[in-house]
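**Student:** After the structure tokens below, expect a handful of questions from me.
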Protein chains: 2
Amino acid sequence: MPARKSDVIGRIREEAQGVYRRIRRREKPQMKLPIRALSNVTYRPKAGHFQLRGRHKVRTLTVGTVKTFAQTLKMLAMSKDLVGTGRHSTKREAYYQAYNWGEAAFGGQDESDTVMDDVEAMLGVNREQLHFRADEHGGEVAGELIVLDRDRRTGRRIEIDCTAFGSGAYSVPTVVEELGFRTKAKFILAVETKGMFERLVEENFFDRWHCILVSMGGVPSRACRRFIRRLADARKLAVYVFTDGDPYGYFNIYRTLKVGSGNAAHLNEFFCVPQARFLGVTPDDIVEYELPTHPLKEVDKKRALDAMKNDPFIRHYKVWQRAVEKMMQMGVRVEQQALAKHGLEFVANTYLPKKLANVKAFLP
Amino acid sequence: MPARKSDVIGRIREEAQGVYRRIRRREKPQMKLPIRALSNVTYRPKAGHFQLRGRHKVRTLTVGTVKTFAQTLKMLAMSKDLVGTGRHSTKREAYYQAYNWGEAAFGGQDESDTVMDDVEAMLGVNREQLHFRADEHGGEVAGELIVLDRDRRTGRRIEIDCTAFGSGAYSVPTVVEELGFRTKAKFILAVETKGMFERLVEENFFDRWHCILVSMGGVPSRACRRFIRRLADARKLAVYVFTDGDPYGYFNIYRTLKVGSGNAAHLNEFFCVPQARFLGVTPDDIVEYELPTHPLKEVDKKRALDAMKNDPFIRHYKVWQRAVEKMMQMGVRVEQQALAKHGLEFVANTYLPKKLANVKAFLP
């Protein structure tokens, strides 16, 4: 559940008061932050994502930390303003706004991003809840869903009917924290490419199968992952993922969507979609449907070997290991659009219906 | 104006009948294609885009051309089917569908793309009119615009109100040929980044200025350019372009949007937006608003020098040359989000209003 506006401001106040109290007591002010590193991470299959182990570092105000300390406090103040006024700032805008912080100005956006990550971890919320956003696409949606948002001009509740965009789609904003949802859909189908998304829209797939189509456009952005997660949680929907049959589709797209990524472990609880299941395209599909393939590239092989060895998620699931091994033995990758070999409508009329008849067979 | 469905099918029939007639007369069948190369291109300031000079090559059926010849005819047949059934095929799907063409199958998508480009040039239509599409985003839209599309299920006309998406937006489909428009907006503001787009949505900019905001997301895709062009033509709207102040923004984004690109000259008449004018960010803005800048990178300098020397568009406009020279002298680039130095609302409350008060000063 997203933190409420008042909660976030409350958390910021708390931190600031802690600092203030120590100063009044003539003690050195401190901030306590969880350590953000893989060494402080564990994979909990039950929670469904990487989690922080709980080790912290304490940042005390000294000559050496004074600049970062000041920046962190200023960043907290900026966030409080944003939440209060209902505005959002891109990470880039935040960096530029800090141009006026005198000696506390940042040397580059990498510095302001790090402080933002610290603030996020410190408060235990995601930066979207602090009203910071990235400059990224949020994915596209079509299907049996009504998104509840507000008209900024009137403040009135508006309903966005995602069946009513014709050949177009609803473009997900970068901050989805305050969206509501109404739906009778049976599942969410998250699709790798816009090409396949538009194919399924054209085939009336969402209408025939009572589902919600999401185009991830490659590796899903935070906004896209958060949207799917919030929607799936709120409406108790199953999430099926449909990517190319290659290491990029399996690990970079599906794995990231499902369990998150290693270097953002303090955020995975917000952004992972533990209910996701992998529909295809699988190595078995290549055989069953005699699909056109391409040889695995060196980068594919490297990615697969690396995942087999180091990825705690793949290592946890035997069936995934078998799928990856089969792919390596076959030495080929397959694209979702390869199904067009059997005609454009094949994916909607044959492939997906056959898959959906046996959801239990989906990879975890 | 887009060719009508029946026109496209008519053109395909015409080509096919030409081939058929020659065969019946026991002559070698032929196809006539314009030469697609910069050497066959001229810049017509009045038309507003690069144009083909009209030189053609004739492809006659021989042992050497038999495969390409067959592929071109098959591609024409595929397009006729698509137009007839109202389906669209991605370029990738087209390549895969051709897996069943026996000896005429393609060795790779580069081959099928080339044949598609040939067909496009031969018929004098764009591939979207042939119902082929790319796998790309089409940009996002918010503002005083109603898009007219059809509900695929019922065939009924639907109206998509682009003021009604809250913090989200309308995602433009990859094929926009059959969209209609209703608007009372005064202009289109095409914006480089999604970050700035969401900033302006958040500031109610389209409401206060009666305009249509388009997020191009970097270099605008064909779909995005075609959307802006069709909308601007249909409703006689001015188009203002708001990018970063760097060679990438000036040449790769603005120049491509306005006059098209060199290697697709046979298409520029469909995809360029001659009515576009450059609002900013300009080198003059850096001085006037004391904006934070970054040093030009080597690639920036190279791009600028190259444009000054070789780009027929820049060479045509003295004011553009002066702007580029000023940038080179200052040795810096500036981002549109740098305006946030003066507060998040500065761009909507001060910068853009001041600019829009003097539209004549925009770069051509």
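In the structure tokens, chains take the letters A, B, ... in the order shown, each chain's residues start at 1, and ligands count up from 1 in the order shown.
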Could you please select, counting only C-alpha atoms, the residues of chain B within 6 Å of chain A and state them as a ChimeraX atom specification?
**Tutor:** /B:93,96-97,135,149-151,166-173,194-195,337-338,340-341
**Student:** Hey, can you spit out that residue selection with N, CA, C and O atoms as a compact mmCIF listing (two decimals), in the first residue's frame?
**Tutor:**
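result26.txt was written with the following content:
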# COMPACT_ATOMS: atom_id res chain seq x y z
N GLU B 93 6.81 -8.77 -38.19
CA GLU B 93 5.81 -9.80 -38.51
C GLU B 93 5.80 -10.10 -40.00
O GLU B 93 5.63 -11.25 -40.42
N TYR B 96 8.51 -12.44 -40.75
CA TYR B 96 8.19 -13.81 -40.31
C TYR B 96 7.10 -14.45 -41.17
O TYR B 96 7.14 -15.64 -41.45
N GLN B 97 6.13 -13.65 -41.59
CA GLN B 97 5.10 -14.22 -42.47
C GLN B 97 5.71 -14.75 -43.75
O GLN B 97 5.24 -15.72 -44.32
N ASP B 135 7.80 -1.13 -34.88
CA ASP B 135 7.59 -1.45 -33.47
C ASP B 135 8.17 -0.30 -32.65
O ASP B 135 9.26 -0.39 -32.11
N ASP B 149 -11.48 8.07 -33.57
CA ASP B 149 -10.99 6.76 -33.98
C ASP B 149 -12.21 5.85 -34.07
O ASP B 149 -13.35 6.31 -33.97
N ARG B 150 -11.97 4.56 -34.30
CA ARG B 150 -13.09 3.62 -34.31
C ARG B 150 -12.91 2.55 -33.25
O ARG B 150 -11.80 2.11 -32.99
N ASP B 151 -14.00 2.15 -32.65
CA ASP B 151 -13.98 0.99 -31.77
C ASP B 151 -13.88 -0.24 -32.68
O ASP B 151 -14.73 -0.46 -33.53
N GLY B 166 -6.15 12.91 -16.69
CA GLY B 166 -5.51 13.16 -15.41
C GLY B 166 -4.02 13.34 -15.57
O GLY B 166 -3.56 14.11 -16.40
N SER B 167 -3.26 12.58 -14.77
CA SER B 167 -1.80 12.67 -14.86
C SER B 167 -1.25 11.82 -16.00
O SER B 167 -0.08 11.91 -16.34
N GLY B 168 -2.08 11.00 -16.61
CA GLY B 168 -1.65 10.16 -17.73
C GLY B 168 -1.78 10.90 -19.06
O GLY B 168 -1.87 12.12 -19.11
N ALA B 169 -1.82 10.14 -20.15
CA ALA B 169 -1.87 10.75 -21.47
C ALA B 169 -2.43 9.76 -22.48
O ALA B 169 -2.61 8.58 -22.19
N TYR B 170 -2.69 10.28 -23.68
CA TYR B 170 -3.09 9.45 -24.81
C TYR B 170 -1.84 8.97 -25.52
O TYR B 170 -0.99 9.78 -25.89
N SER B 171 -1.71 7.68 -25.66
CA SER B 171 -0.55 7.13 -26.35
C SER B 171 -0.90 6.94 -27.82
O SER B 171 -1.83 6.22 -28.16
N VAL B 172 -0.14 7.61 -28.69
CA VAL B 172 -0.42 7.60 -30.13
C VAL B 172 -0.09 6.23 -30.71
O VAL B 172 0.98 5.69 -30.45
N PRO B 173 -1.00 5.65 -31.49
CA PRO B 173 -0.70 4.34 -32.10
C PRO B 173 0.35 4.49 -33.19
O PRO B 173 0.64 5.61 -33.63
N LYS B 194 9.70 13.47 -21.75
CA LYS B 194 8.49 13.16 -21.00
C LYS B 194 8.47 13.94 -19.69
O LYS B 194 7.41 14.33 -19.21
N GLY B 195 9.65 14.17 -19.12
CA GLY B 195 9.74 14.94 -17.88
C GLY B 195 9.12 16.33 -18.03
O GLY B 195 8.33 16.76 -17.20
N GLN B 337 15.15 21.19 -18.82
CA GLN B 337 14.81 21.09 -17.39
C GLN B 337 15.66 22.03 -16.53
O GLN B 337 15.39 22.20 -15.34
N ALA B 338 16.70 22.65 -17.14
CA ALA B 338 17.53 23.60 -16.39
C ALA B 338 16.72 24.81 -15.93
O ALA B 338 17.10 25.50 -14.98
N ALA B 340 14.28 24.73 -14.24
CA ALA B 340 13.84 24.45 -12.87
C ALA B 340 14.71 25.15 -11.84
O ALA B 340 14.34 25.24 -10.67
N LYS B 341 15.85 25.65 -12.25
CA LYS B 341 16.68 26.44 -11.35
C LYS B 341 15.85 27.56 -10.73
O LYS B 341 16.05 27.94 -9.57
**Student:** Write out as a list in words the residues lying within 12 Å of stretch 19-25 of chain A, counting only C-alpha atoms and excluding same-chain residues fewer than 2 positions away.
**Tutor:**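 The filter keeps Ile12, Arg13, Glu14, Glu15, Ala16, Gln17, Glu27, Lys28, Pro29, Gln30, Met31, Lys32, Arg59, Thr60, Leu61, Phe69, Ala70, Thr72 and Leu73 of chain A.
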**Student:** Store the residues picked out above, limited to all heavy atoms, as a short mmCIF file (atom, residue, chain, number, x, y, z; two decimals), in the first residue's frame.
**Tutor:**
data_model
loop_
_atom_site.label_atom_id
_atom_site.label_comp_id
_atom_site.auth_asym_id
_atom_site.auth_seq_id
_atom_site.Cartn_x
_atom_site.Cartn_y
_atom_site.Cartn_z
N ILE A 12 9.07 12.72 7.26
CA ILE A 12 10.08 13.76 7.03
C ILE A 12 10.25 14.60 8.30
O ILE A 12 11.36 14.87 8.75
CB ILE A 12 9.70 14.65 5.82
CG1 ILE A 12 9.73 13.82 4.53
CG2 ILE A 12 10.62 15.86 5.71
CD1 ILE A 12 9.22 14.54 3.30
N ARG A 13 9.12 15.00 8.90
CA ARG A 13 9.15 15.79 10.14
C ARG A 13 9.93 15.07 11.23
O ARG A 13 10.75 15.66 11.92
CB ARG A 13 7.71 16.02 10.64
CG ARG A 13 7.03 17.16 9.98
CD ARG A 13 6.34 18.10 11.02
NE ARG A 13 5.72 19.18 10.28
CZ ARG A 13 4.52 19.09 9.71
NH1 ARG A 13 3.79 18.00 9.85
NH2 ARG A 13 4.05 20.11 9.03
N GLU A 14 9.63 13.79 11.37
CA GLU A 14 10.27 12.95 12.38
C GLU A 14 11.80 13.02 12.25
O GLU A 14 12.51 13.27 13.23
CB GLU A 14 9.85 11.51 12.12
CG GLU A 14 9.50 10.67 13.31
CD GLU A 14 8.87 9.37 12.80
OE1 GLU A 14 7.64 9.34 12.57
OE2 GLU A 14 9.63 8.39 12.60
N GLU A 15 12.28 12.79 11.02
CA GLU A 15 13.72 12.82 10.78
C GLU A 15 14.29 14.18 11.15
O GLU A 15 15.32 14.28 11.82
CB GLU A 15 14.04 12.52 9.31
CG GLU A 15 13.91 11.07 8.90
CD GLU A 15 14.88 10.15 9.65
OE1 GLU A 15 16.00 10.59 9.99
OE2 GLU A 15 14.51 8.99 9.92
N ALA A 16 13.59 15.22 10.68
CA ALA A 16 14.08 16.58 10.91
C ALA A 16 14.10 16.89 12.40
O ALA A 16 15.04 17.51 12.92
CB ALA A 16 13.22 17.58 10.15
N GLN A 17 13.07 16.43 13.11
CA GLN A 17 13.01 16.70 14.54
C GLN A 17 14.12 15.98 15.31
O GLN A 17 14.68 16.52 16.26
CB GLN A 17 11.63 16.33 15.10
CG GLN A 17 10.62 17.46 14.87
CD GLN A 17 9.19 17.00 15.04
OE1 GLN A 17 8.93 15.81 15.22
NE2 GLN A 17 8.25 17.94 14.95
N GLU A 27 24.36 17.87 20.91
CA GLU A 27 24.98 16.65 20.41
C GLU A 27 25.13 16.76 18.89
O GLU A 27 24.45 17.56 18.25
CB GLU A 27 24.09 15.44 20.71
CG GLU A 27 23.98 15.10 22.18
CD GLU A 27 22.84 14.13 22.45
OE1 GLU A 27 22.22 13.66 21.47
OE2 GLU A 27 22.57 13.87 23.62
N LYS A 28 26.03 15.92 18.34
CA LYS A 28 26.17 15.93 16.88
C LYS A 28 24.93 15.28 16.25
O LYS A 28 24.58 14.15 16.61
CB LYS A 28 27.41 15.14 16.47
CG LYS A 28 28.69 15.92 16.68
CD LYS A 28 29.88 15.17 16.15
CE LYS A 28 31.16 15.89 16.50
NZ LYS A 28 32.31 14.99 16.54
N PRO A 29 24.28 15.97 15.31
CA PRO A 29 23.10 15.36 14.67
C PRO A 29 23.49 14.13 13.84
O PRO A 29 24.60 14.03 13.32
CB PRO A 29 22.55 16.47 13.78
CG PRO A 29 23.66 17.44 13.61
CD PRO A 29 24.54 17.32 14.81
N GLN A 30 22.55 13.21 13.74
CA GLN A 30 22.78 11.94 13.05
C GLN A 30 21.62 11.58 12.13
O GLN A 30 20.49 12.01 12.37
CB GLN A 30 22.89 10.81 14.08
CG GLN A 30 24.16 10.82 14.89
CD GLN A 30 24.22 9.62 15.81
OE1 GLN A 30 23.19 9.03 16.14
NE2 GLN A 30 25.43 9.26 16.21
N MET A 31 21.93 10.80 11.11
CA MET A 31 20.88 10.15 10.32
C MET A 31 21.25 8.69 10.16
O MET A 31 22.41 8.35 9.98
CB MET A 31 20.73 10.82 8.96
CG MET A 31 20.08 12.20 9.09
SD MET A 31 19.83 13.02 7.51
CE MET A 31 21.50 13.48 7.11
N LYS A 32 20.24 7.82 10.21
CA LYS A 32 20.47 6.39 10.15
C LYS A 32 19.92 5.86 8.83
O LYS A 32 18.74 6.05 8.52
CB LYS A 32 19.74 5.74 11.33
CG LYS A 32 20.17 4.33 11.64
CD LYS A 32 19.41 3.82 12.89
CE LYS A 32 19.25 2.33 12.85
NZ LYS A 32 18.23 1.85 13.79
N ARG A 59 25.03 8.24 9.72
CA ARG A 59 25.77 9.39 9.20
C ARG A 59 25.72 10.50 10.25
O ARG A 59 24.66 11.05 10.55
CB ARG A 59 25.15 9.86 7.89
CG ARG A 59 25.94 10.96 7.20
CD ARG A 59 25.36 11.31 5.84
NE ARG A 59 25.60 10.29 4.84
CZ ARG A 59 24.89 10.11 3.73
NH1 ARG A 59 23.85 10.89 3.50
NH2 ARG A 59 25.19 9.17 2.86
N THR A 60 26.87 10.80 10.84
CA THR A 60 26.95 11.84 11.86
C THR A 60 27.52 13.11 11.23
O THR A 60 28.38 13.03 10.35
CB THR A 60 27.87 11.37 13.01
OG1 THR A 60 27.41 10.08 13.45
CG2 THR A 60 27.82 12.35 14.18
N LEU A 61 27.05 14.22 11.67
CA LEU A 61 27.55 15.49 11.13
C LEU A 61 28.99 15.72 11.56
O LEU A 61 29.30 15.82 12.75
CB LEU A 61 26.68 16.66 11.61
CG LEU A 61 27.11 18.05 11.10
CD1 LEU A 61 27.05 18.13 9.58
CD2 LEU A 61 26.25 19.13 11.72
N PHE A 69 25.32 15.89 4.44
CA PHE A 69 24.34 16.06 5.51
C PHE A 69 23.37 17.20 5.17
O PHE A 69 22.14 17.04 5.24
CB PHE A 69 25.07 16.36 6.82
CG PHE A 69 24.29 15.96 8.03
CD1 PHE A 69 24.48 14.72 8.62
CD2 PHE A 69 23.37 16.82 8.59
CE1 PHE A 69 23.75 14.34 9.74
CE2 PHE A 69 22.63 16.46 9.70
CZ PHE A 69 22.82 15.21 10.28
N ALA A 70 23.96 18.31 4.76
CA ALA A 70 23.13 19.47 4.38
C ALA A 70 22.24 19.13 3.19
O ALA A 70 21.04 19.45 3.16
CB ALA A 70 24.02 20.66 4.06
N THR A 72 21.13 16.24 2.25
CA THR A 72 20.06 15.32 2.63
C THR A 72 18.91 16.08 3.29
O THR A 72 17.73 15.85 2.98
CB THR A 72 20.60 14.23 3.57
OG1 THR A 72 21.79 13.68 3.00
CG2 THR A 72 19.59 13.13 3.78
N LEU A 73 19.26 17.01 4.18
CA LEU A 73 18.22 17.80 4.83
C LEU A 73 17.47 18.67 3.82
O LEU A 73 16.24 18.77 3.86
CB LEU A 73 18.84 18.68 5.93
CG LEU A 73 19.32 17.93 7.18
CD1 LEU A 73 20.02 18.89 8.15
CD2 LEU A 73 18.14 17.25 7.90
#
**Student:** Using all C-alpha atoms matched in sequence order, least-squares fit chain A onto chain B and give the RMSD rounded to one decimal in Å.
**Tutor:**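 Overlaying the two chains on their C-alpha atoms yields 0.0 Å.
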**Student:** How far is it from atom CA of B:Asp306 to atom CA of B:Thr256, in Å with one decimal?
**Tutor:**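 Taking atom CA of B:Asp306 and atom CA of B:Thr256, their separation equals 15.1 Å.
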**Student:** Show which residues sit within 12 Å of A:Met308, as a ChimeraX atom specification. Count only C-alpha atoms, and ignore same-chain residues fewer than 3 positions away.
**Tutor:** /A:247,250-251,301-305,311-325,328
**Student:** Please save N, CA and C atoms of the selected residues as a PDB file, in the first residue's frame.
**Tutor:**
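Contents of out-v6.pdb, as written:
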ATOM      1  N   PRO A 247      17.460 -14.802 -23.316  1.00  0.00           N
ATOM      2  CA  PRO A 247      17.896 -14.432 -21.966  1.00  0.00           C
ATOM      3  C   PRO A 247      17.458 -13.016 -21.564  1.00  0.00           C
ATOM      4  N   TYR A 250      13.873 -13.376 -20.526  1.00  0.00           N
ATOM      5  CA  TYR A 250      13.723 -14.147 -19.288  1.00  0.00           C
ATOM      6  C   TYR A 250      14.230 -13.373 -18.071  1.00  0.00           C
ATOM      7  N   PHE A 251      15.444 -12.844 -18.172  1.00  0.00           N
ATOM      8  CA  PHE A 251      16.079 -12.285 -16.976  1.00  0.00           C
ATOM      9  C   PHE A 251      15.877 -10.768 -16.867  1.00  0.00           C
ATOM     10  N   LYS A 301      24.480 -15.957 -24.486  1.00  0.00           N
ATOM     11  CA  LYS A 301      25.052 -17.103 -23.767  1.00  0.00           C
ATOM     12  C   LYS A 301      25.651 -16.670 -22.437  1.00  0.00           C
ATOM     13  N   LYS A 302      26.360 -15.545 -22.483  1.00  0.00           N
ATOM     14  CA  LYS A 302      26.994 -15.037 -21.278  1.00  0.00           C
ATOM     15  C   LYS A 302      25.941 -14.716 -20.213  1.00  0.00           C
ATOM     16  N   ARG A 303      24.878 -14.064 -20.668  1.00  0.00           N
ATOM     17  CA  ARG A 303      23.804 -13.688 -19.747  1.00  0.00           C
ATOM     18  C   ARG A 303      23.172 -14.924 -19.117  1.00  0.00           C
ATOM     19  N   ALA A 304      22.989 -15.972 -19.931  1.00  0.00           N
ATOM     20  CA  ALA A 304      22.350 -17.188 -19.433  1.00  0.00           C
ATOM     21  C   ALA A 304      23.254 -17.904 -18.426  1.00  0.00           C
ATOM     22  N   LEU A 305      24.525 -18.042 -18.775  1.00  0.00           N
ATOM     23  CA  LEU A 305      25.463 -18.721 -17.874  1.00  0.00           C
ATOM     24  C   LEU A 305      25.567 -17.961 -16.553  1.00  0.00           C
ATOM     25  N   ASP A 311      22.261 -15.848 -10.281  1.00  0.00           N
ATOM     26  CA  ASP A 311      20.967 -15.221 -10.026  1.00  0.00           C
ATOM     27  C   ASP A 311      20.189 -16.038  -8.995  1.00  0.00           C
ATOM     28  N   PRO A 312      19.976 -15.491  -7.796  1.00  0.00           N
ATOM     29  CA  PRO A 312      19.304 -16.266  -6.746  1.00  0.00           C
ATOM     30  C   PRO A 312      17.911 -16.718  -7.145  1.00  0.00           C
ATOM     31  N   PHE A 313      17.282 -15.964  -8.038  1.00  0.00           N
ATOM     32  CA  PHE A 313      15.935 -16.327  -8.471  1.00  0.00           C
ATOM     33  C   PHE A 313      15.957 -17.582  -9.344  1.00  0.00           C
ATOM     34  N   ILE A 314      16.829 -17.579 -10.345  1.00  0.00           N
ATOM     35  CA  ILE A 314      16.926 -18.736 -11.239  1.00  0.00           C
ATOM     36  C   ILE A 314      17.415 -19.949 -10.441  1.00  0.00           C
ATOM     37  N   ARG A 315      18.368 -19.722  -9.563  1.00  0.00           N
ATOM     38  CA  ARG A 315      18.912 -20.816  -8.770  1.00  0.00           C
ATOM     39  C   ARG A 315      17.856 -21.438  -7.855  1.00  0.00           C
ATOM     40  N   HIS A 316      16.841 -20.653  -7.559  1.00  0.00           N
ATOM     41  CA  HIS A 316      15.791 -21.148  -6.670  1.00  0.00           C
ATOM     42  C   HIS A 316      14.816 -22.077  -7.400  1.00  0.00           C
ATOM     43  N   TYR A 317      14.682 -21.893  -8.713  1.00  0.00           N
ATOM     44  CA  TYR A 317      13.664 -22.648  -9.449  1.00  0.00           C
ATOM     45  C   TYR A 317      14.268 -23.637 -10.444  1.00  0.00           C
ATOM     46  N   LYS A 318      14.115 -24.918 -10.147  1.00  0.00           N
ATOM     47  CA  LYS A 318      14.590 -25.984 -11.027  1.00  0.00           C
ATOM     48  C   LYS A 318      14.001 -25.866 -12.427  1.00  0.00           C
ATOM     49  N   VAL A 319      12.692 -25.554 -12.524  1.00  0.00           N
ATOM     50  CA  VAL A 319      12.055 -25.507 -13.845  1.00  0.00           C
ATOM     51  C   VAL A 319      12.652 -24.403 -14.714  1.00  0.00           C
ATOM     52  N   TRP A 320      13.069 -23.310 -14.077  1.00  0.00           N
ATOM     53  CA  TRP A 320      13.724 -22.254 -14.845  1.00  0.00           C
ATOM     54  C   TRP A 320      15.099 -22.718 -15.329  1.00  0.00           C
ATOM     55  N   GLN A 321      15.789 -23.433 -14.428  1.00  0.00           N
ATOM     56  CA  GLN A 321      17.106 -23.941 -14.836  1.00  0.00           C
ATOM     57  C   GLN A 321      16.969 -24.891 -16.021  1.00  0.00           C
ATOM     58  N   ARG A 322      15.935 -25.737 -15.983  1.00  0.00           N
ATOM     59  CA  ARG A 322      15.736 -26.671 -17.096  1.00  0.00           C
ATOM     60  C   ARG A 322      15.424 -25.928 -18.393  1.00  0.00           C
ATOM     61  N   ALA A 323      14.604 -24.872 -18.284  1.00  0.00           N
ATOM     62  CA  ALA A 323      14.263 -24.098 -19.484  1.00  0.00           C
ATOM     63  C   ALA A 323      15.505 -23.439 -20.072  1.00  0.00           C
ATOM     64  N   VAL A 324      16.328 -22.874 -19.194  1.00  0.00           N
ATOM     65  CA  VAL A 324      17.536 -22.195 -19.674  1.00  0.00           C
ATOM     66  C   VAL A 324      18.502 -23.207 -20.280  1.00  0.00           C
ATOM     67  N   GLU A 325      18.610 -24.368 -19.628  1.00  0.00           N
ATOM     68  CA  GLU A 325      19.477 -25.418 -20.184  1.00  0.00           C
ATOM     69  C   GLU A 325      18.996 -25.861 -21.560  1.00  0.00           C
ATOM     70  N   MET A 328      19.992 -23.354 -24.067  1.00  0.00           N
ATOM     71  CA  MET A 328      21.424 -23.422 -24.357  1.00  0.00           C
ATOM     72  C   MET A 328      21.740 -24.616 -25.269  1.00  0.00           C
TER      73      MET A 328
END
**Student:** Name all residues at most 8 Å from A:Gly143 (count only C-alpha atoms; drop same-chain ones fewer than 5 positions away) and give them as a list in words.
**Tutor:** Cys162, Thr163, Phe206, Asp207, His210, Cys211, Ile212 and Leu213 of chain A
**Student:** Just give me the gap between atom CA of B:Val239 and atom CA of B:Phe227 in Å, one decimal is fine.
**Tutor:**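 Answer for the atom CA of B:Val239 to atom CA of B:Phe227 separation: 11.9 Å.
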**Student:** Here is a test: counting only C-alpha atoms, which residue of A:Ala357, A:Leu363, A:Cys224, A:Leu257 is nearest to A:Pro283?
**Tutor:**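 Of all the options, A:Leu363 lies closest to A:Pro283.
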**Student:** For B:Arg182, which residue among B:Lys236, B:Leu200, B:Pro295, B:Thr42 is the nearest when counting only C-alpha atoms?
**Tutor:** B:Lys236
**Student:** Which parts of stretch 114-344 of chain A does DSSP call helix (DSSP H, G or I) when run on the backbone here, written out as a ChimeraX atom specification?
**Tutor:** /A:114-123,194-202,205-209,222-235,247-259,262-264,268-271,283-288,298-310,312-316,318-330,336-342
**Student:** Nearest to A:Leu189 among A:His49, A:Arg277, A:Lys258, A:Arg26, with distances taken over only C-alpha atoms: which residue is it?
**Tutor:**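 The shortest atom-to-atom distance to A:Leu189 comes from A:Arg277.
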